[in-house]
file data-v7.cif (mmCIF, C-alpha atoms)
data_data
#
loop_
_atom_site.group_PDB
_atom_site.id
_atom_site.type_symbol
_atom_site.label_atom_id
_atom_site.label_comp_id
_atom_site.auth_asym_id
_atom_site.auth_seq_id
_atom_site.Cartn_x
_atom_site.Cartn_y
_atom_site.Cartn_z
ATOM 1 C CA MET A 1 17.785 18.137 2.700
ATOM 2 C CA SER A 2 17.382 14.550 1.500
ATOM 3 C CA ALA A 3 15.820 13.766 -1.871
ATOM 4 C CA LEU A 4 12.592 12.772 -0.125
ATOM 5 C CA ALA A 5 12.370 15.734 2.221
ATOM 6 C CA VAL A 6 9.779 18.387 1.447
ATOM 7 C CA PRO A 7 10.739 22.079 1.389
ATOM 8 C CA ILE A 8 8.539 22.830 4.382
ATOM 9 C CA ALA A 9 9.874 22.886 7.944
ATOM 10 C CA ASN A 10 7.570 22.379 10.887
ATOM 11 C CA GLN A 11 7.528 22.917 14.625
ATOM 12 C CA ILE A 12 5.189 20.062 15.468
ATOM 13 C CA ARG A 13 7.642 18.239 17.733
ATOM 14 C CA ARG A 14 8.223 21.395 19.823
ATOM 15 C CA LEU A 15 4.529 22.248 19.888
ATOM 16 C CA ARG A 16 3.667 18.721 21.036
ATOM 17 C CA PHE A 17 6.278 19.046 23.798
ATOM 18 C CA GLU A 18 4.838 22.390 24.883
ATOM 19 C CA ALA A 19 1.351 20.902 24.856
ATOM 20 C CA GLY A 20 2.249 18.581 27.724
ATOM 21 C CA GLU A 21 4.177 16.010 25.702
ATOM 22 C CA MET A 22 1.199 15.279 23.493
ATOM 23 C CA THR A 23 1.893 12.017 21.672
ATOM 24 C CA GLN A 24 1.772 11.594 17.918
ATOM 25 C CA SER A 25 -1.183 9.254 18.418
ATOM 26 C CA GLU A 26 -3.091 11.906 20.390
ATOM 27 C CA LEU A 27 -2.423 14.522 17.721
ATOM 28 C CA ALA A 28 -3.381 12.051 15.005
ATOM 29 C CA GLU A 29 -6.688 11.325 16.709
ATOM 30 C CA LYS A 30 -7.475 15.040 17.052
ATOM 31 C CA ILE A 31 -6.927 15.704 13.336
ATOM 32 C CA GLY A 32 -8.380 12.432 12.008
ATOM 33 C CA MET A 33 -5.170 10.889 10.706
ATOM 34 C CA THR A 34 -3.019 7.886 11.487
ATOM 35 C CA ARG A 35 -0.017 8.137 13.812
ATOM 36 C CA GLN A 36 2.187 7.133 10.870
ATOM 37 C CA THR A 37 0.967 10.120 8.844
ATOM 38 C CA VAL A 38 1.659 12.512 11.714
ATOM 39 C CA ALA A 39 5.136 10.976 12.034
ATOM 40 C CA ALA A 40 5.728 11.467 8.285
ATOM 41 C CA ILE A 41 4.602 15.112 8.471
ATOM 42 C CA GLU A 42 6.729 15.755 11.555
ATOM 43 C CA ALA A 43 9.784 14.168 9.901
ATOM 44 C CA GLY A 44 9.315 16.365 6.829
ATOM 45 C CA LYS A 45 8.629 13.385 4.566
ATOM 46 C CA TYR A 46 5.064 14.309 3.665
ATOM 47 C CA SER A 47 3.445 17.685 2.993
ATOM 48 C CA PRO A 48 -0.032 17.799 4.485
ATOM 49 C CA SER A 49 -2.935 19.353 2.644
ATOM 50 C CA LEU A 50 -3.865 22.911 3.544
ATOM 51 C CA GLU A 51 -6.888 21.618 5.474
ATOM 52 C CA ALA A 52 -4.746 19.195 7.497
ATOM 53 C CA ALA A 53 -2.191 21.938 8.149
ATOM 54 C CA PHE A 54 -4.939 24.218 9.509
ATOM 55 C CA ARG A 55 -6.270 21.352 11.648
ATOM 56 C CA ILE A 56 -2.820 20.811 13.150
ATOM 57 C CA ALA A 57 -2.392 24.524 13.831
ATOM 58 C CA ALA A 58 -5.853 24.657 15.420
ATOM 59 C CA VAL A 59 -4.983 21.820 17.815
ATOM 60 C CA PHE A 60 -2.069 23.888 19.159
ATOM 61 C CA GLY A 61 -3.971 27.185 19.002
ATOM 62 C CA ALA A 62 -1.222 28.524 16.752
ATOM 63 C CA ARG A 63 -1.168 30.377 13.448
ATOM 64 C CA LEU A 64 -0.307 28.315 10.376
ATOM 65 C CA GLU A 65 3.076 30.008 9.887
ATOM 66 C CA GLU A 66 4.022 29.239 13.480
ATOM 67 C CA VAL A 67 3.645 25.537 12.701
ATOM 68 C CA PHE A 68 4.891 25.361 9.101
ATOM 69 C CA GLN A 69 7.616 27.399 7.401
ATOM 70 C CA TRP A 70 8.592 27.434 3.736
ATOM 71 C CA VAL A 71 12.328 26.753 3.473
ATOM 72 C CA GLY A 72 12.553 26.355 -0.310
ATOM 73 C CA MET B 73 10.236 -2.302 11.475
ATOM 74 C CA SER B 74 7.615 -4.090 13.547
ATOM 75 C CA LEU B 75 3.990 -5.021 13.061
ATOM 76 C CA GLY B 76 2.996 -2.598 15.831
ATOM 77 C CA ASP B 77 4.634 0.225 13.906
ATOM 78 C CA MET B 78 2.496 -0.368 10.811
ATOM 79 C CA SER B 79 -0.855 1.140 9.963
ATOM 80 C CA LEU B 80 -3.673 -1.180 8.908
ATOM 81 C CA ARG B 81 -3.241 -0.147 5.272
ATOM 82 C CA GLU B 82 0.452 -1.011 5.291
ATOM 83 C CA LYS B 83 -0.346 -4.383 6.828
ATOM 84 C CA SER B 84 -2.932 -4.905 4.056
ATOM 85 C CA ALA B 85 -0.304 -4.099 1.433
ATOM 86 C CA TRP B 86 2.069 -6.679 2.946
ATOM 87 C CA ILE B 87 -0.759 -9.224 3.096
ATOM 88 C CA GLY B 88 -1.596 -8.579 -0.566
ATOM 89 C CA ALA B 89 2.009 -8.993 -1.679
ATOM 90 C CA VAL B 90 2.815 -12.078 0.408
ATOM 91 C CA THR B 91 -0.431 -13.944 -0.316
ATOM 92 C CA ALA B 92 -0.131 -13.248 -4.050
ATOM 93 C CA LEU B 93 3.485 -14.439 -4.074
ATOM 94 C CA ILE B 94 2.629 -17.630 -2.180
ATOM 95 C CA CYS B 95 -0.631 -18.608 -3.888
ATOM 96 C CA PHE B 96 0.187 -17.640 -7.455
ATOM 97 C CA GLY B 97 3.821 -18.634 -6.969
ATOM 98 C CA VAL B 98 2.576 -22.169 -6.334
ATOM 99 C CA TYR B 99 0.287 -22.014 -9.386
ATOM 100 C CA PHE B 100 2.748 -20.583 -11.883
ATOM 101 C CA GLY B 101 5.636 -22.535 -10.351
ATOM 102 C CA SER B 102 3.736 -25.787 -10.901
ATOM 103 C CA LEU B 103 2.998 -24.843 -14.507
ATOM 104 C CA ALA B 104 6.523 -23.657 -15.249
ATOM 105 C CA SER B 105 8.169 -26.721 -13.723
ATOM 106 C CA GLY B 106 5.899 -29.039 -15.660
ATOM 107 C CA ALA B 107 4.510 -30.596 -12.478
ATOM 108 C CA VAL B 108 1.055 -29.751 -13.828
ATOM 109 C CA PRO B 109 0.202 -29.721 -17.565
ATOM 110 C CA HIS B 110 -0.619 -26.244 -18.916
ATOM 111 C CA GLY B 111 -4.179 -27.035 -19.905
ATOM 112 C CA GLY B 112 -6.850 -29.403 -18.720
ATOM 113 C CA PRO B 113 -8.744 -30.183 -15.536
ATOM 114 C CA GLN B 114 -5.622 -30.626 -13.376
ATOM 115 C CA ALA B 115 -4.397 -27.099 -14.112
ATOM 116 C CA PHE B 116 -7.884 -25.698 -13.679
ATOM 117 C CA GLY B 117 -8.242 -27.481 -10.333
ATOM 118 C CA LEU B 118 -4.925 -26.052 -9.173
ATOM 119 C CA PHE B 119 -6.016 -22.601 -10.322
ATOM 120 C CA VAL B 120 -9.266 -22.858 -8.322
ATOM 121 C CA GLU B 121 -7.340 -24.013 -5.242
ATOM 122 C CA CYS B 122 -4.744 -21.245 -5.516
ATOM 123 C CA ALA B 123 -7.254 -18.476 -6.296
ATOM 124 C CA GLY B 124 -9.557 -19.716 -3.510
ATOM 125 C CA GLY B 125 -6.628 -19.905 -1.109
ATOM 126 C CA PHE B 126 -5.614 -16.377 -2.105
ATOM 127 C CA VAL B 127 -9.097 -14.987 -1.378
ATOM 128 C CA LEU B 128 -9.408 -16.954 1.882
ATOM 129 C CA LEU B 129 -5.968 -15.900 3.110
ATOM 130 C CA GLN B 130 -6.725 -12.275 2.232
ATOM 131 C CA ILE B 131 -9.966 -12.342 4.211
ATOM 132 C CA VAL B 132 -8.531 -14.102 7.271
ATOM 133 C CA LEU B 133 -5.292 -12.076 7.409
ATOM 134 C CA ASN B 134 -7.028 -8.731 6.823
ATOM 135 C CA ILE B 135 -9.487 -9.517 9.636
ATOM 136 C CA ALA B 136 -6.523 -10.432 11.863
ATOM 137 C CA ALA B 137 -4.774 -7.191 10.881
ATOM 138 C CA ALA B 138 -7.910 -5.171 11.661
ATOM 139 C CA LEU B 139 -8.143 -6.840 15.078
ATOM 140 C CA THR B 140 -4.548 -5.856 15.865
ATOM 141 C CA THR B 141 -5.136 -2.283 14.652
ATOM 142 C CA PRO B 142 -8.738 -1.614 15.731
ATOM 143 C CA LYS B 143 -8.463 2.177 15.676
ATOM 144 C CA ASP B 144 -7.328 2.213 12.023
ATOM 145 C CA ALA B 145 -10.048 -0.276 11.116
ATOM 146 C CA ARG B 146 -12.756 2.092 12.356
ATOM 147 C CA THR B 147 -11.469 5.128 10.489
ATOM 148 C CA PRO B 148 -11.350 5.774 6.734
ATOM 149 C CA ARG B 149 -8.042 6.224 4.909
ATOM 150 C CA ASP B 150 -6.457 9.568 5.726
ATOM 151 C CA GLU B 151 -5.163 11.879 2.970
ATOM 152 C CA ARG B 152 -1.648 10.364 2.867
ATOM 153 C CA GLU B 153 -3.043 6.849 2.667
ATOM 154 C CA GLN B 154 -5.425 7.936 -0.120
ATOM 155 C CA GLN B 155 -2.533 9.481 -2.066
ATOM 156 C CA ILE B 156 -0.387 6.380 -1.593
ATOM 157 C CA ALA B 157 -3.272 4.204 -2.837
ATOM 158 C CA ALA B 158 -3.799 6.455 -5.862
ATOM 159 C CA ARG B 159 -0.092 6.564 -6.809
ATOM 160 C CA SER B 160 0.395 2.830 -6.365
ATOM 161 C CA HIS B 161 -2.649 2.017 -8.487
ATOM 162 C CA SER B 162 -1.337 4.370 -11.155
ATOM 163 C CA PHE B 163 1.933 2.359 -11.253
ATOM 164 C CA GLY B 164 -0.069 -0.875 -11.370
ATOM 165 C CA TYR B 165 -2.227 0.426 -14.215
ATOM 166 C CA TYR B 166 0.776 1.190 -16.426
ATOM 167 C CA VAL B 167 2.292 -2.224 -15.702
ATOM 168 C CA LEU B 168 -1.040 -3.869 -16.552
ATOM 169 C CA VAL B 169 -1.342 -1.946 -19.831
ATOM 170 C CA VAL B 170 2.188 -2.862 -20.928
ATOM 171 C CA THR B 171 1.884 -6.529 -19.964
ATOM 172 C CA VAL B 172 -1.549 -6.866 -21.586
ATOM 173 C CA LEU B 173 -0.173 -5.344 -24.804
ATOM 174 C CA MET B 174 2.645 -7.898 -24.597
ATOM 175 C CA LEU B 175 -0.004 -10.643 -24.725
ATOM 176 C CA GLY B 176 0.009 -10.023 -28.447
ATOM 177 C CA ILE B 177 3.408 -11.721 -28.690
ATOM 178 C CA PRO B 178 2.369 -15.224 -27.543
ATOM 179 C CA GLY B 179 -0.990 -14.642 -29.229
ATOM 180 C CA HIS B 180 0.600 -14.131 -32.638
ATOM 181 C CA LEU B 181 3.110 -16.927 -32.049
ATOM 182 C CA GLY B 182 0.237 -19.354 -31.941
ATOM 183 C CA HIS B 183 0.173 -20.279 -28.246
ATOM 184 C CA PRO B 184 -2.995 -22.118 -27.163
ATOM 185 C CA VAL B 185 -5.831 -20.224 -25.461
ATOM 186 C CA THR B 186 -5.038 -21.753 -22.056
ATOM 187 C CA ASP B 187 -1.503 -20.321 -22.250
ATOM 188 C CA LEU B 188 -2.900 -16.902 -23.162
ATOM 189 C CA LEU B 189 -5.278 -17.082 -20.199
ATOM 190 C CA ASN B 190 -2.380 -17.947 -17.912
ATOM 191 C CA PHE B 191 -0.326 -15.056 -19.324
ATOM 192 C CA ALA B 192 -3.316 -12.749 -18.734
ATOM 193 C CA LEU B 193 -3.606 -14.019 -15.157
ATOM 194 C CA LEU B 194 0.116 -13.446 -14.696
ATOM 195 C CA ASP B 195 -0.355 -9.854 -15.946
ATOM 196 C CA VAL B 196 -3.035 -9.237 -13.321
ATOM 197 C CA VAL B 197 -0.939 -10.822 -10.558
ATOM 198 C CA VAL B 198 2.169 -8.836 -11.504
ATOM 199 C CA ALA B 199 0.177 -5.581 -11.650
ATOM 200 C CA GLY B 200 -1.306 -6.366 -8.232
ATOM 201 C CA LEU B 201 2.159 -7.080 -6.857
ATOM 202 C CA VAL B 202 3.433 -3.776 -8.229
ATOM 203 C CA VAL B 203 0.565 -1.983 -6.455
ATOM 204 C CA SER B 204 1.320 -3.725 -3.150
ATOM 205 C CA VAL B 205 5.088 -3.241 -3.364
ATOM 206 C CA ALA B 206 4.706 0.434 -4.338
ATOM 207 C CA GLN B 207 2.446 0.935 -1.313
ATOM 208 C CA ILE B 208 4.915 -0.795 1.006
ATOM 209 C CA VAL B 209 7.800 1.344 -0.308
ATOM 210 C CA MET B 210 5.813 4.572 0.074
ATOM 211 C CA PHE B 211 4.580 3.657 3.548
ATOM 212 C CA ARG B 212 8.164 2.837 4.609
ATOM 213 C CA ARG B 213 9.586 6.061 3.076
ATOM 214 C CA GLY B 214 6.864 8.218 4.574
ATOM 215 C CA TYR B 215 5.340 8.967 1.182
#

call {"tool": "encode", "arguments": {"input": "data-v7.cif", "output": "structure tokens"}}
result
Amino acid sequence: MSALAVPIANQIRRLRFEAGEMTQSELAEKIGMTRQTVAAIEAGKYSPSLEAAFRIAAVFGARLEEVFQWVG
Amino acid sequence: MSLGDMSLREKSAWIGAVTALICFGVYFGSLASGAVPHGGPQAFGLFVECAGGFVLLQIVLNIAAALTTPKDARTPRDEREQQIAARSHSFGYYVLVVTVLMLGIPGHLGHPVTDLLNFALLDVVVAGLVVSVAQIVMFRRGY
């Protein structure tokens, strides 16, 4: 893990793929964020707030722990 | 890194840094080189031109940036952008406090008021640059 990486893994890339190759821009629009913020979350460089995490999970119809995992 | 890859707020940070460097670089460069005397109407005229140019450039370039990123321009800052703004302004605040406290040095050494005003302006410009550069770094890193 790099110094900037957060200790939370995520499955957003896979979930976007399974949702018909949803783009980062499309996901960003659905959760009210910029594409750059979605890219930072997906790359593990930024930890979203709990509300944003629930919004992301809701877009994919998944439970929170299916999208984000604590890796310490 | 390309312009298309940047959010509107990152573009604004670049605009803030570059316009401040250009406009106030010209002003302080002219004073430091002796091309313009430190006090008097010539220095004040240059200050008005540089500050006016800074404001004008900011307005024009930010409008241009908003036109190239219309979706961002219609939406408020998201949570990451808000946090980046808050952290960068915190850095800028500490720089401003330290540099303003340092104004006591030329003040007690007997520098004229116009020099103190220029030092104070430099403090504000440097603090603003720190804010812009901190934002650029955080936007580039992801946070």

call {"tool": "residues_around", "arguments": {"input": "data-v7.cif", "residues": "Leu64 of chain A", "least_positions_apart": "5", "cutoff": "10 Å", "atoms": "only C-alpha atoms", "output": "PyMOL selection string"}}
result
chain A and resi 10+50+53-58+69

call {"tool": "interface_residues", "arguments": {"input": "data-v7.cif", "of": "chain A", "to": "chain B", "cutoff": "10 Å", "atoms": "all atoms listed in the file", "output": "PyMOL selection string"}}
result
chain A and resi 4-5+29+31-41+43-49+52

call {"tool": "atom_distance", "arguments": {"input": "data-v7.cif", "atom1": "atom CA of Ala92 of chain B", "atom2": "atom CA of Val205 of chain B"}}
result
11.3 Å

call {"tool": "residues_around", "arguments": {"input": "data-v7.cif", "residues": "segment 98-110 of chain B", "least_positions_apart": "3", "cutoff": "9 Å", "atoms": "all atoms listed in the file", "output": "PyMOL selection string"}}
result
chain B and resi 93-95+114-116+118-119+121-123+186-187+190+194

call {"tool": "atom_distance", "arguments": {"input": "data-v7.cif", "atom1": "atom CA of Gly111 of chain B", "atom2": "atom CA of His183 of chain B"}}
result
11.6 Å

call {"tool": "atom_distance", "arguments": {"input": "data-v7.cif", "atom1": "atom CA of Gly182 of chain B", "atom2": "atom CA of Pro113 of chain B"}}
result
21.6 Å

call {"tool": "resolve_selection", "arguments": {"input": "data-v7.cif", "expression": "the PyMOL selection byres ((chain B and resi 196-198) around 9)", "output": "VMD selection string"}}
result
chain B and resid 92 to 93 96 164 167 to 168 171 to 172 191 to 195 199 to 203

call {"tool": "residues_around", "arguments": {"input": "data-v7.cif", "residues": "Thr23 of chain A", "least_positions_apart": "2", "cutoff": "12 Å", "atoms": "all atoms listed in the file", "output": "list in words"}}
result
Ile12, Arg13, Arg14, Leu15, Arg16, Phe17, Glu18, Ala19, Gly20, Glu21, Ser25, Glu26, Leu27, Ala28, Glu29, Lys30, Arg35, Gln36, Val38, Ala39 and Glu42 of chain A

call {"tool": "resolve_selection", "arguments": {"input": "data-v7.cif", "expression": "the PyMOL selection byres ((chain A and resi 72) around 6)", "output": "PyMOL selection string"}}
result
chain A and resi 7+70-71

call {"tool": "axis_aligned_box", "arguments": {"input": "data-v7.cif", "around": "segment 133-144 of chain B", "padding_each_side": "4 Å", "output": "AutoDock Vina command-line options"}}
result
--center_x -7.0 --center_y -4.9 --center_z 11.3 --size_x 12.9 --size_y 22.3 --size_z 17.0

call {"tool": "closest_residue", "arguments": {"input": "data-v7.cif", "among": "B:Met174, B:Ala145, B:Val209, B:Ile135", "to": "Leu188 of chain B", "atoms": "only C-alpha atoms"}}
result
B:Met174

call {"tool": "resolve_selection", "arguments": {"input": "data-v7.cif", "expression": "the PyMOL selection byres ((chain B and resi 137) around 12)", "output": "JSON, numbers by chain"}}
result
{"B": [75, 76, 78, 79, 80, 81, 82, 83, 84, 85, 86, 87, 88, 129, 130, 131, 132, 133, 134, 135, 136, 138, 139, 140, 141, 142, 143, 144, 145]}

call {"tool": "closest_residue", "arguments": {"input": "data-v7.cif", "among": "A:Glu51, A:Glu65, A:Gln24, A:Phe60", "to": "Ala9 of chain A", "atoms": "all atoms listed in the file"}}
result
A:Glu65
